[in-house]
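K.L.:
Sharing coords-v8.cif (mmCIF, C-alpha atoms) below.
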```
data_model
#
loop_
_atom_site.label_atom_id
_atom_site.label_comp_id
_atom_site.auth_asym_id
_atom_site.auth_seq_id
_atom_site.Cartn_x
_atom_site.Cartn_y
_atom_site.Cartn_z
CA MET A 23 35.23 -2.46 7.51
CA THR A 24 36.51 -1.94 11.01
CA GLY A 25 37.93 1.48 10.10
CA ARG A 26 34.49 2.80 9.18
CA GLN A 27 32.79 1.58 12.34
CA PRO A 28 34.02 4.37 14.66
CA ALA A 29 32.82 7.02 12.19
CA ARG A 30 29.39 5.39 12.07
CA GLN A 31 29.24 5.31 15.85
CA GLN A 32 30.14 9.00 15.97
CA ARG A 33 27.42 9.92 13.45
CA ARG A 34 24.73 7.88 15.18
CA PRO A 35 24.09 10.29 18.12
CA LEU A 36 23.87 13.21 15.70
CA GLY A 37 21.47 11.24 13.53
CA LEU A 38 19.26 10.53 16.53
CA ILE A 39 19.22 14.24 17.36
CA VAL A 40 18.27 15.14 13.78
CA TYR A 41 15.47 12.57 13.59
CA GLY A 42 14.27 13.66 17.02
CA SER A 43 14.25 17.27 15.79
CA MET A 44 12.19 16.30 12.75
CA ILE A 45 9.69 14.46 14.92
CA LEU A 46 9.52 17.40 17.33
CA LEU A 47 8.90 19.93 14.54
CA THR A 48 6.22 17.68 13.04
CA LEU A 49 4.57 17.45 16.46
CA LEU A 50 4.72 21.22 17.02
CA TYR A 51 3.16 22.02 13.65
CA THR A 52 0.50 19.36 14.19
CA VAL A 53 -0.34 20.93 17.56
CA ALA A 54 -0.51 24.38 15.94
CA ILE A 55 -2.93 23.13 13.28
CA ALA A 56 -5.10 21.32 15.85
CA ALA A 57 -4.87 24.08 18.49
CA PRO A 58 -8.62 24.27 19.31
CA TRP A 59 -8.59 20.53 19.96
CA VAL A 60 -5.27 20.34 21.84
CA ALA A 61 -5.80 23.37 24.08
CA PRO A 62 -7.92 22.42 27.11
CA TYR A 63 -9.51 25.89 27.38
CA ASP A 64 -10.13 29.02 25.37
CA HIS A 65 -6.86 30.97 25.32
CA THR A 66 -8.67 34.27 25.97
CA GLU A 67 -10.74 33.01 28.93
CA GLN A 68 -9.81 34.83 32.15
CA ASN A 69 -10.03 33.31 35.62
CA ARG A 70 -9.69 36.43 37.73
CA THR A 71 -9.72 34.45 40.98
CA LEU A 72 -6.64 32.46 39.88
CA PRO A 73 -3.99 34.96 38.69
CA ASP A 74 -0.41 33.64 38.44
CA CYS A 75 -1.59 30.22 39.55
CA PRO A 76 1.23 27.61 39.64
CA PRO A 77 1.01 24.46 37.48
CA SER A 78 -1.48 21.91 38.77
CA SER A 79 -0.20 18.62 40.10
CA ILE A 80 -1.35 15.66 38.00
CA ARG A 81 -1.88 12.33 39.73
CA PHE A 82 -2.87 8.82 38.66
CA ASN A 83 -6.23 7.51 39.80
CA SER A 84 -6.50 4.15 41.46
CA PRO A 85 -8.24 1.47 39.34
CA PRO A 86 -11.66 1.86 41.05
CA TYR A 87 -11.80 5.45 39.76
CA TRP A 88 -10.81 4.68 36.17
CA ASN A 89 -14.42 4.93 35.09
CA GLU A 90 -14.08 8.69 35.72
CA SER A 91 -10.56 9.22 34.42
CA ILE A 92 -7.06 7.80 34.68
CA LEU A 93 -5.66 11.15 35.81
CA PHE A 94 -6.92 13.66 38.35
CA THR A 95 -5.78 16.85 40.03
CA HIS A 96 -6.62 18.87 43.12
CA PRO A 97 -8.11 22.38 42.87
CA GLN A 98 -6.01 25.37 43.93
CA ARG A 99 -7.20 28.42 45.82
CA LEU A 100 -5.64 31.84 46.21
CA ALA A 101 -4.44 32.07 49.81
CA ASP A 102 -2.74 35.49 49.77
CA PRO A 103 -3.82 38.01 47.07
CA ILE A 104 -0.78 40.21 47.73
CA ASP A 105 1.92 37.53 47.46
CA ARG A 106 -0.32 35.45 45.19
CA SER A 107 0.43 32.28 47.09
CA TYR A 108 -1.83 29.26 46.63
CA THR A 109 -3.05 26.34 48.66
CA GLN A 110 -4.19 22.99 47.33
CA ASP A 111 -7.37 21.28 48.48
CA ASP A 112 -6.34 17.61 48.74
CA THR A 113 -9.85 16.56 49.74
CA VAL A 114 -11.32 17.29 46.29
CA ARG A 115 -10.50 15.20 43.24
CA VAL A 116 -10.96 16.79 39.81
CA PRO A 117 -10.92 14.22 36.97
CA VAL A 118 -8.88 15.14 33.88
CA ARG A 119 -11.08 13.95 31.04
CA PHE A 120 -9.66 12.87 27.67
CA LEU A 121 -11.45 13.39 24.33
CA TYR A 122 -14.12 15.32 26.16
CA ASN A 123 -16.23 18.20 24.86
CA GLY A 124 -14.13 18.63 21.71
CA HIS A 125 -10.76 18.76 23.50
CA LEU A 126 -7.88 16.34 23.79
CA PHE A 127 -7.98 16.75 27.57
CA THR A 128 -9.87 19.11 29.84
CA THR A 129 -12.13 19.17 32.88
CA ALA A 130 -15.91 19.08 33.08
CA GLN A 131 -17.64 22.41 32.74
CA ASP A 132 -18.76 22.53 36.39
CA ASP A 133 -15.47 21.24 37.81
CA PRO A 134 -12.57 23.44 38.94
CA LYS A 135 -10.04 24.02 36.19
CA PHE A 136 -6.57 22.57 36.11
CA PHE A 137 -3.60 24.38 34.58
CA LEU A 138 -0.87 22.23 33.09
CA LEU A 139 1.65 25.12 32.96
CA GLY A 140 -0.05 27.54 35.36
CA THR A 141 -1.77 30.82 34.49
CA ASP A 142 -0.68 34.33 33.59
CA SER A 143 -1.40 37.52 35.53
CA LEU A 144 -5.01 37.57 34.23
CA GLY A 145 -5.68 33.95 35.13
CA ARG A 146 -5.55 32.66 31.54
CA ASP A 147 -4.34 29.10 31.02
CA LEU A 148 -0.71 29.40 29.92
CA PHE A 149 -0.62 26.06 28.12
CA SER A 150 -3.67 26.98 26.01
CA ARG A 151 -2.08 30.33 25.14
CA ILE A 152 1.19 28.63 24.16
CA VAL A 153 -0.70 26.21 21.92
CA TYR A 154 -2.62 29.01 20.20
CA GLY A 155 0.52 31.19 20.09
CA SER A 156 2.35 28.46 18.18
CA ARG A 157 0.06 29.16 15.22
CA ILE A 158 1.57 32.61 14.80
CA SER A 159 5.14 31.90 15.89
CA LEU A 160 5.53 28.80 13.71
CA SER A 161 3.60 29.95 10.65
CA ILE A 162 5.36 33.32 10.47
CA GLY A 163 8.65 31.52 9.80
CA VAL A 164 7.28 29.39 6.97
CA VAL A 165 5.26 32.17 5.31
CA GLY A 166 8.10 34.69 5.69
CA VAL A 167 10.65 32.31 4.18
CA LEU A 168 8.37 31.50 1.24
CA ILE A 169 7.90 35.19 0.43
CA SER A 170 11.50 36.33 0.92
CA PHE A 171 12.97 33.35 -0.90
CA ALA A 172 10.54 33.74 -3.79
CA ILE A 173 11.63 37.38 -4.20
CA GLY A 174 15.29 36.52 -3.73
CA THR A 175 15.17 33.64 -6.20
CA LEU A 176 13.38 35.73 -8.83
CA VAL A 177 15.67 38.75 -8.52
CA GLY A 178 18.91 36.78 -8.11
CA SER A 179 18.24 34.33 -10.95
CA PHE A 180 17.17 37.05 -13.38
CA ALA A 181 20.11 39.32 -12.52
CA GLY A 182 22.69 36.53 -12.57
CA TYR A 183 21.52 35.09 -15.88
CA SER A 184 20.97 38.43 -17.63
CA GLY A 185 24.19 40.14 -16.53
CA GLY A 186 25.11 43.59 -17.85
CA TRP A 187 23.22 46.67 -16.70
CA ILE A 188 20.32 44.59 -15.30
CA ASP A 189 22.73 42.80 -12.99
CA ASP A 190 24.39 46.07 -11.97
CA ILE A 191 21.13 47.80 -11.06
CA ALA A 192 19.74 44.76 -9.22
CA MET A 193 22.92 44.30 -7.18
CA ARG A 194 23.09 48.00 -6.25
CA ILE A 195 19.55 47.72 -4.87
CA VAL A 196 20.54 44.58 -3.00
CA GLU A 197 23.61 46.29 -1.53
CA VAL A 198 21.53 49.24 -0.33
CA GLU A 199 19.08 46.82 1.27
CA MET A 200 21.89 44.85 2.94
CA SER A 201 23.52 48.02 4.29
CA LEU A 202 20.46 48.80 6.44
CA PRO A 203 20.70 47.69 10.08
CA SER A 204 18.00 45.06 9.76
CA PHE A 205 16.69 44.83 13.32
CA TYR A 206 16.58 48.58 13.95
CA PHE A 207 15.07 49.14 10.53
CA LEU A 208 12.45 46.53 11.37
CA LEU A 209 11.71 48.29 14.66
CA ALA A 210 11.27 51.60 12.82
CA LEU A 211 8.88 50.05 10.31
CA ALA A 212 6.95 48.12 12.95
CA ALA A 213 6.52 51.26 15.04
CA VAL A 214 4.36 52.83 12.32
CA ILE A 215 1.89 49.91 12.31
CA PRO A 216 -1.51 51.33 13.36
CA PRO A 217 -2.41 50.02 16.83
CA ASN A 218 -6.02 49.31 15.87
CA LEU A 219 -5.17 46.66 13.28
CA SER A 220 -6.59 43.20 13.77
CA SER A 221 -4.24 40.37 14.67
CA ALA A 222 -4.59 38.88 11.19
CA ALA A 223 -3.64 42.19 9.56
CA THR A 224 -0.77 42.66 12.02
CA PHE A 225 0.47 39.18 11.20
CA PHE A 226 0.61 39.89 7.46
CA VAL A 227 2.25 43.28 8.02
CA ILE A 228 4.98 41.71 10.17
CA VAL A 229 5.55 38.96 7.58
CA ALA A 230 5.78 41.54 4.80
CA LEU A 231 8.24 43.69 6.75
CA MET A 232 10.49 40.79 7.68
CA SER A 233 10.40 39.40 4.14
CA PHE A 234 11.33 42.84 2.77
CA ILE A 235 14.38 42.91 5.03
CA ASN A 236 15.60 39.35 4.50
CA TRP A 237 15.37 38.79 0.72
CA ALA A 238 18.47 40.77 -0.28
CA TYR A 239 21.18 38.46 1.10
CA PHE A 240 19.53 35.45 -0.48
CA ALA A 241 19.20 37.24 -3.84
CA ARG A 242 22.92 38.01 -3.85
CA VAL A 243 23.90 34.38 -3.29
CA ILE A 244 21.43 33.14 -5.92
CA ARG A 245 22.80 35.74 -8.36
CA GLY A 246 26.30 34.25 -8.08
CA MET A 247 24.96 30.73 -8.60
CA ALA A 248 22.87 31.81 -11.60
CA ALA A 249 25.85 33.55 -13.17
CA SER A 250 27.88 30.33 -12.97
CA LEU A 251 24.98 28.25 -14.31
CA ARG A 252 24.54 30.62 -17.26
CA GLU A 253 27.46 28.97 -19.10
CA GLY A 254 26.44 25.41 -18.23
CA GLU A 255 26.11 22.98 -21.12
CA TYR A 256 22.38 22.40 -20.67
CA VAL A 257 21.72 26.15 -20.46
CA VAL A 258 23.77 26.84 -23.59
CA ALA A 259 21.93 24.02 -25.38
CA ALA A 260 18.55 25.42 -24.37
CA ARG A 261 19.57 28.86 -25.57
CA ALA A 262 20.74 27.40 -28.89
CA LEU A 263 17.37 25.70 -29.33
CA GLY A 264 15.65 29.08 -29.06
CA ALA A 265 14.30 28.91 -25.49
CA THR A 266 13.27 32.28 -24.09
CA ARG A 267 15.13 33.91 -21.21
CA TRP A 268 12.36 33.30 -18.67
CA ARG A 269 11.94 29.68 -19.77
CA ILE A 270 15.66 29.05 -19.27
CA ILE A 271 15.57 30.74 -15.86
CA ILE A 272 12.49 28.82 -14.66
CA ARG A 273 13.32 25.43 -16.20
CA HIS A 274 17.13 25.32 -15.80
CA VAL A 275 18.62 28.06 -13.62
CA VAL A 276 16.20 27.99 -10.66
CA PRO A 277 16.27 24.16 -10.31
CA GLY A 278 20.06 24.34 -10.26
CA THR A 279 19.88 26.43 -7.07
CA LEU A 280 17.32 24.28 -5.25
CA SER A 281 19.82 22.46 -3.03
CA TYR A 282 21.06 25.76 -1.60
CA THR A 283 17.50 27.14 -1.42
CA ILE A 284 16.24 24.25 0.71
CA ILE A 285 19.20 24.52 3.09
CA ALA A 286 19.04 28.30 3.42
CA ALA A 287 15.25 28.27 3.87
CA THR A 288 15.44 25.77 6.73
CA LEU A 289 18.19 27.75 8.45
CA SER A 290 16.31 31.06 7.95
CA ILE A 291 13.04 30.03 9.60
CA PRO A 292 14.49 30.54 13.14
CA ARG A 293 15.44 34.10 12.15
CA PHE A 294 11.79 34.90 11.39
CA ILE A 295 10.61 33.26 14.62
CA LEU A 296 13.13 35.28 16.64
CA GLY A 297 12.23 38.48 14.78
CA GLU A 298 8.53 38.10 15.53
CA SER A 299 9.32 37.18 19.14
CA ALA A 300 11.48 40.28 19.54
CA LEU A 301 8.80 42.56 18.10
CA SER A 302 6.08 41.03 20.27
CA LEU A 303 8.38 41.18 23.29
CA LEU A 304 8.76 44.93 22.71
CA GLY A 305 5.01 45.41 22.25
CA LEU A 306 5.17 45.99 18.47
CA GLY A 307 3.82 42.63 17.32
CA ILE A 308 0.66 40.66 18.00
CA GLN A 309 -1.62 42.50 20.42
CA GLU A 310 -3.93 41.29 23.20
CA PRO A 311 -5.96 39.19 23.57
CA ASP A 312 -4.25 37.07 20.88
CA ALA A 313 -1.01 35.35 21.69
CA SER A 314 2.35 34.50 20.22
CA TRP A 315 5.35 33.03 21.99
CA GLY A 316 7.14 36.37 22.01
CA LYS A 317 4.05 38.14 23.35
CA LEU A 318 3.73 35.56 26.14
CA LEU A 319 7.40 35.96 27.00
CA ALA A 320 6.92 39.67 27.65
CA ASP A 321 5.74 38.90 31.20
CA ALA A 322 9.18 37.48 31.96
CA GLN A 323 10.81 40.90 31.55
CA ASN A 324 9.94 41.69 35.17
CA VAL A 325 12.66 39.91 37.16
CA GLN A 326 10.69 39.92 40.41
CA HIS A 327 7.66 38.50 38.65
CA LEU A 328 9.85 35.85 37.01
CA VAL A 329 11.41 34.81 40.33
CA ARG A 330 8.00 34.40 41.97
CA HIS A 331 6.36 32.74 38.98
CA PRO A 332 9.05 30.93 36.95
CA TRP A 333 6.51 29.05 34.81
CA ILE A 334 5.94 32.20 32.74
CA LEU A 335 9.30 31.44 31.12
CA MET A 336 7.85 28.38 29.34
CA PRO A 337 7.20 30.22 26.03
CA GLY A 338 10.94 30.94 25.91
CA VAL A 339 11.62 27.22 26.29
CA PHE A 340 9.39 26.51 23.29
CA ILE A 341 11.20 29.19 21.25
CA PHE A 342 14.62 27.76 22.19
CA VAL A 343 13.68 24.15 21.45
CA THR A 344 12.09 25.04 18.10
CA ILE A 345 15.08 27.09 16.94
CA MET A 346 17.53 24.37 17.95
CA ALA A 347 15.44 21.77 16.10
CA PHE A 348 15.45 23.84 12.91
CA ASN A 349 19.21 24.37 13.20
CA PHE A 350 19.87 20.65 13.58
CA VAL A 351 17.67 19.84 10.59
CA GLY A 352 19.26 22.63 8.52
CA ASP A 353 22.79 21.42 9.30
CA TYR A 354 21.76 17.88 8.35
CA LEU A 355 20.30 19.03 5.03
CA ARG A 356 23.42 21.05 4.30
CA ASP A 357 25.62 17.99 4.83
CA ARG A 358 23.38 15.86 2.61
CA LEU A 359 22.51 18.31 -0.18
CA ASP A 360 25.53 20.60 -0.44
CA PRO A 361 27.93 19.04 -2.99
CA ARG A 362 30.92 20.85 -1.50
CA ALA A 363 30.18 19.50 1.98
CA THR A 364 29.74 16.00 0.56
CA ALA A 365 33.02 16.22 -1.32
CA GLY A 366 34.78 17.46 1.81
CA ASN A 367 33.46 14.55 3.85
CA ALA A 368 34.46 12.06 1.15
CA GLY A 369 37.97 13.48 1.10
#
```
For this file, write the structure as structure tokens.

P.N.:
Amino acid sequence: MTGRQPARQQRRPLGLIVYGSMILLTLLYTVAIAAPWVAPYDHTEQNRTLPDCPPSSIRFNSPPYWNESILFTHPQRLADPIDRSYTQDDTVRVPVRFLYNGHLFTTAQDDPKFFLLGTDSLGRDLFSRIVYGSRISLSIGVVGVLISFAIGTLVGSFAGYSGGWIDDIAMRIVEVEMSLPSFYFLLALAAVIPPNLSSAATFFVIVALMSFINWAYFARVIRGMAASLREGEYVVAARALGATRWRIIIRHVVPGTLSYTIIAATLSIPRFILGESALSLLGLGIQEPDASWGKLLADAQNVQHLVRHPWILMPGVFIFVTIMAFNFVGDYLRDRLDPRATAGNAG
């Protein structure tokens, strides 16, 4: 009893990190779904008199002012258009209103605006753009993984179970696909996307391109698992009872690979998020006025601009935190669902 206690104490901090990562991912996806309600302003609205405005200071109201709002801020004004330095008018109180005008928090229509994370070079609220950008950056990982893993599972399971010339042809195609330098190949394909496409069409093109590049490695792993499952007792019994090839693959082979599929899918989502961010960072992804985290991070490429306005790096913080959360959850699922990892820990 006492010998197991240290191991439990060692696993507890990791468990807290994993559960915290799950809660964080749930929160991020909830925010992405409810973006029009969470974002205080329209993400395309420009405030040309407030370019590169620093984050607003949020203060607590004294109890006599709670009938207006618990929180308030002071308006900011552009003091020097060249250096883009700002001054704060401490004599004016702007209430931050909650559940107002269809938003979680915002200001009254006639009041000066407040910017939780500052503004970009066109005066657009950075927090609102991050919230709306999460819709693209987070959904592209899920949709891309679903497509690439569906193709990989279908090709790998069919090739591994069938064997023979079908397996040979499928694996040669997979090897050709895997030999391509994925990122540079993705850049070449993305460069031919017509610039006049809508953001929705661009989104689906990027998902299709990234899925086309990422399915091959997964298909090869699934092929090896399907080949080993082909001689399993329940598969042999199903074959003896006259089950068709596709029925055996769908009902017996594919479920036998689910533990690996869940783990690999969770660990592959960050790859899609990074791929979209890289394309948008290079100007080949989502175009203005729509936003994604990679597109928002493009402003941080200018070092001088970044030094003067460090808040423009916040989209990169969201990318980093999201990827780390997915990695923690993926490692946890691998330890729990992978039989080899479980056997190693038991030994």

K.L.:
Counting all atoms listed in the file, what is within 10 Å of Ile270 of chain A, bar same-chain residues fewer than 2 positions away, as a tab-separated table (two decimals) with C-alpha atoms, keeping the file's coordinate frame?

P.N.:
```
chain	number	residue	atom	x	y	z
A	183	TYR	CA	21.52	35.09	-15.88
A	252	ARG	CA	24.54	30.62	-17.26
A	256	TYR	CA	22.38	22.40	-20.67
A	257	VAL	CA	21.72	26.15	-20.46
A	258	VAL	CA	23.77	26.84	-23.59
A	260	ALA	CA	18.55	25.42	-24.37
A	261	ARG	CA	19.57	28.86	-25.57
A	264	GLY	CA	15.65	29.08	-29.06
A	265	ALA	CA	14.30	28.91	-25.49
A	266	THR	CA	13.27	32.28	-24.09
A	267	ARG	CA	15.13	33.91	-21.21
A	268	TRP	CA	12.36	33.30	-18.67
A	272	ILE	CA	12.49	28.82	-14.66
A	273	ARG	CA	13.32	25.43	-16.20
A	274	HIS	CA	17.13	25.32	-15.80
A	275	VAL	CA	18.62	28.06	-13.62
A	276	VAL	CA	16.20	27.99	-10.66
```

K.L.:
Ranking A:Phe340, A:Tyr239, A:Tyr206, A:Trp88 by minimum distance to Leu47 of chain A and counting only C-alpha atoms, which one comes first?

P.N.:
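Looking at the shortest contact to Leu47 of chain A, the residue is A:Phe340.
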
K.L.:
Between atom CA of Ile158 of chain A and atom CA of Pro217 of chain A, what is the spacing in Å?

P.N.:
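Taking atom CA of Pro217 of chain A and atom CA of Ile158 of chain A, their separation equals 18.0 Å.
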
K.L.:
Go through A:Trp59, A:Phe137, A:Phe342, A:Tyr51 and flag the residue nearest Ser79 of chain A, using all atoms listed in the file for the distances.

P.N.:
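Checking each candidate against Ser79 of chain A, we get A:Phe137 as the closest.
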
K.L.:
Skip Asp312 of chain A itself and residues of its chain fewer than 2 positions away, then list as a PDB file with C-alpha atoms, in the frame of the given file all residues within 10 Å of it, counting only C-alpha atoms.

P.N.:
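Output saved as result_35.pdb:
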```
ATOM      1  CA  HIS A  65      -6.860  30.970  25.320  1.00  0.00           C
ATOM      2  CA  THR A  66      -8.670  34.270  25.970  1.00  0.00           C
ATOM      3  CA  ARG A 151      -2.080  30.330  25.140  1.00  0.00           C
ATOM      4  CA  TYR A 154      -2.620  29.010  20.200  1.00  0.00           C
ATOM      5  CA  GLY A 155       0.520  31.190  20.090  1.00  0.00           C
ATOM      6  CA  ILE A 158       1.570  32.610  14.800  1.00  0.00           C
ATOM      7  CA  SER A 220      -6.590  43.200  13.770  1.00  0.00           C
ATOM      8  CA  SER A 221      -4.240  40.370  14.670  1.00  0.00           C
ATOM      9  CA  ALA A 222      -4.590  38.880  11.190  1.00  0.00           C
ATOM     10  CA  ILE A 308       0.660  40.660  18.000  1.00  0.00           C
ATOM     11  CA  GLN A 309      -1.620  42.500  20.420  1.00  0.00           C
ATOM     12  CA  GLU A 310      -3.930  41.290  23.200  1.00  0.00           C
ATOM     13  CA  SER A 314       2.350  34.500  20.220  1.00  0.00           C
ATOM     14  CA  LYS A 317       4.050  38.140  23.350  1.00  0.00           C
ATOM     15  CA  LEU A 318       3.730  35.560  26.140  1.00  0.00           C
TER      16      LEU A 318
END
```

K.L.:
When the PyMOL selection byres ((chain A and resi 94-111) around 8) is applied to the file above, which residues end up in the set, as a PDB file with C-alpha atoms, keeping the file's coordinate frame?

P.N.:
```pdb
ATOM      1  CA  THR A  71      -9.720  34.450  40.980  1.00  0.00           C
ATOM      2  CA  LEU A  72      -6.640  32.460  39.880  1.00  0.00           C
ATOM      3  CA  PRO A  73      -3.990  34.960  38.690  1.00  0.00           C
ATOM      4  CA  ASP A  74      -0.410  33.640  38.440  1.00  0.00           C
ATOM      5  CA  CYS A  75      -1.590  30.220  39.550  1.00  0.00           C
ATOM      6  CA  PRO A  76       1.230  27.610  39.640  1.00  0.00           C
ATOM      7  CA  SER A  78      -1.480  21.910  38.770  1.00  0.00           C
ATOM      8  CA  SER A  79      -0.200  18.620  40.100  1.00  0.00           C
ATOM      9  CA  ILE A  80      -1.350  15.660  38.000  1.00  0.00           C
ATOM     10  CA  ARG A  81      -1.880  12.330  39.730  1.00  0.00           C
ATOM     11  CA  PHE A  82      -2.870   8.820  38.660  1.00  0.00           C
ATOM     12  CA  ASN A  83      -6.230   7.510  39.800  1.00  0.00           C
ATOM     13  CA  SER A  91     -10.560   9.220  34.420  1.00  0.00           C
ATOM     14  CA  ILE A  92      -7.060   7.800  34.680  1.00  0.00           C
ATOM     15  CA  LEU A  93      -5.660  11.150  35.810  1.00  0.00           C
ATOM     16  CA  ASP A 112      -6.340  17.610  48.740  1.00  0.00           C
ATOM     17  CA  THR A 113      -9.850  16.560  49.740  1.00  0.00           C
ATOM     18  CA  VAL A 114     -11.320  17.290  46.290  1.00  0.00           C
ATOM     19  CA  ARG A 115     -10.500  15.200  43.240  1.00  0.00           C
ATOM     20  CA  VAL A 116     -10.960  16.790  39.810  1.00  0.00           C
ATOM     21  CA  PRO A 117     -10.920  14.220  36.970  1.00  0.00           C
ATOM     22  CA  VAL A 118      -8.880  15.140  33.880  1.00  0.00           C
ATOM     23  CA  PRO A 134     -12.570  23.440  38.940  1.00  0.00           C
ATOM     24  CA  LYS A 135     -10.040  24.020  36.190  1.00  0.00           C
ATOM     25  CA  PHE A 136      -6.570  22.570  36.110  1.00  0.00           C
TER      26      PHE A 136
END
```

K.L.:
Please expand the PyMOL selection byres ((chain A and resi 231) around 10) into the concrete residues it hits in this file, giving the result as a list in words.

P.N.:
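When the PyMOL selection byres ((chain A and resi 231) around 10) is applied, the selected residues are Gly166, Ser170, Phe207, Leu208, Leu209, Leu211, Ala212, Phe226, Val227, Ile228, Val229, Ala230, Met232, Ser233, Phe234, Ile235 and Asn236 of chain A.
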
K.L.:
Counting all atoms listed in the file, which residue out of A:Pro292, A:Pro337, A:Gly307, A:Gly246 sits closest to Asp321 of chain A?

P.N.:
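Using all atoms listed in the file, the shortest distance to Asp321 of chain A belongs to A:Pro337.
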
K.L.:
Can you work out which one of A:Ala210, A:Ser250, A:Ser150, A:Ser204 has the shortest atom-to-atom distance to Ser184 of chain A, counting only C-alpha atoms?

P.N.:
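Ranking A:Ala210, A:Ser250, A:Ser150, A:Ser204 by distance to Ser184 of chain A, first place goes to A:Ser250.
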
K.L.:
Please identify all polymer residues lying at most 9 Å from the point (13.9, 27.9, 12.4) (file coordinates), using only C-alpha atoms, and present the result as an MDAnalysis selection string.

P.N.:
chainID A and resid 160 163:164 287:296 344:349 352

K.L.:
Pick out the closest residue to Phe120 of chain A from this set: A:Pro62, A:Gly145, A:Gly186, A:Gly278. Count all atoms listed in the file.

P.N.:
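Once distances to Phe120 of chain A are computed over all atoms listed in the file, the minimum belongs to A:Pro62.
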
K.L.:
Taking into account all atoms listed in the file, which residue in the set A:Leu176, A:Val153, A:Ala181, A:Met336 is nearest to Ala322 of chain A?

P.N.:
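Of the candidates, the smallest distance to Ala322 of chain A is held by A:Met336.
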
K.L.:
Could you add N, CA and C atoms to segment 191-202 of chain A and give me the result as an mmCIF file, in the coordinates of the input?

P.N.:
```
data_model
loop_
_atom_site.group_PDB
_atom_site.id
_atom_site.type_symbol
_atom_site.label_atom_id
_atom_site.label_comp_id
_atom_site.auth_asym_id
_atom_site.auth_seq_id
_atom_site.Cartn_x
_atom_site.Cartn_y
_atom_site.Cartn_z
ATOM 1 N N ILE A 191 22.186 47.093 -11.770
ATOM 2 C CA ILE A 191 21.130 47.800 -11.060
ATOM 3 C C ILE A 191 20.560 46.938 -9.931
ATOM 4 N N ALA A 192 20.309 45.650 -10.237
ATOM 5 C CA ALA A 192 19.740 44.760 -9.220
ATOM 6 C C ALA A 192 20.674 44.623 -8.027
ATOM 7 N N MET A 193 21.963 44.481 -8.274
ATOM 8 C CA MET A 193 22.920 44.300 -7.180
ATOM 9 C C MET A 193 23.124 45.586 -6.382
ATOM 10 N N ARG A 194 22.999 46.741 -7.025
ATOM 11 C CA ARG A 194 23.090 48.000 -6.250
ATOM 12 C C ARG A 194 21.908 48.110 -5.293
ATOM 13 N N ILE A 195 20.723 47.708 -5.758
ATOM 14 C CA ILE A 195 19.550 47.720 -4.870
ATOM 15 C C ILE A 195 19.750 46.740 -3.721
ATOM 16 N N VAL A 196 20.282 45.571 -4.027
ATOM 17 C CA VAL A 196 20.540 44.580 -3.000
ATOM 18 C C VAL A 196 21.558 45.101 -1.983
ATOM 19 N N GLU A 197 22.599 45.763 -2.445
ATOM 20 C CA GLU A 197 23.610 46.290 -1.530
ATOM 21 C C GLU A 197 23.036 47.372 -0.622
ATOM 22 N N VAL A 198 22.178 48.225 -1.166
ATOM 23 C CA VAL A 198 21.530 49.240 -0.330
ATOM 24 C C VAL A 198 20.669 48.563 0.736
ATOM 25 N N GLU A 199 19.929 47.546 0.325
ATOM 26 C CA GLU A 199 19.080 46.820 1.270
ATOM 27 C C GLU A 199 19.906 46.149 2.360
ATOM 28 N N MET A 200 21.050 45.545 1.971
ATOM 29 C CA MET A 200 21.890 44.850 2.940
ATOM 30 C C MET A 200 22.629 45.805 3.865
ATOM 31 N N SER A 201 22.806 47.059 3.453
ATOM 32 C CA SER A 201 23.520 48.020 4.290
ATOM 33 C C SER A 201 22.659 48.542 5.444
ATOM 34 N N LEU A 202 21.343 48.325 5.369
ATOM 35 C CA LEU A 202 20.460 48.800 6.440
ATOM 36 C C LEU A 202 20.621 47.910 7.669
#
```
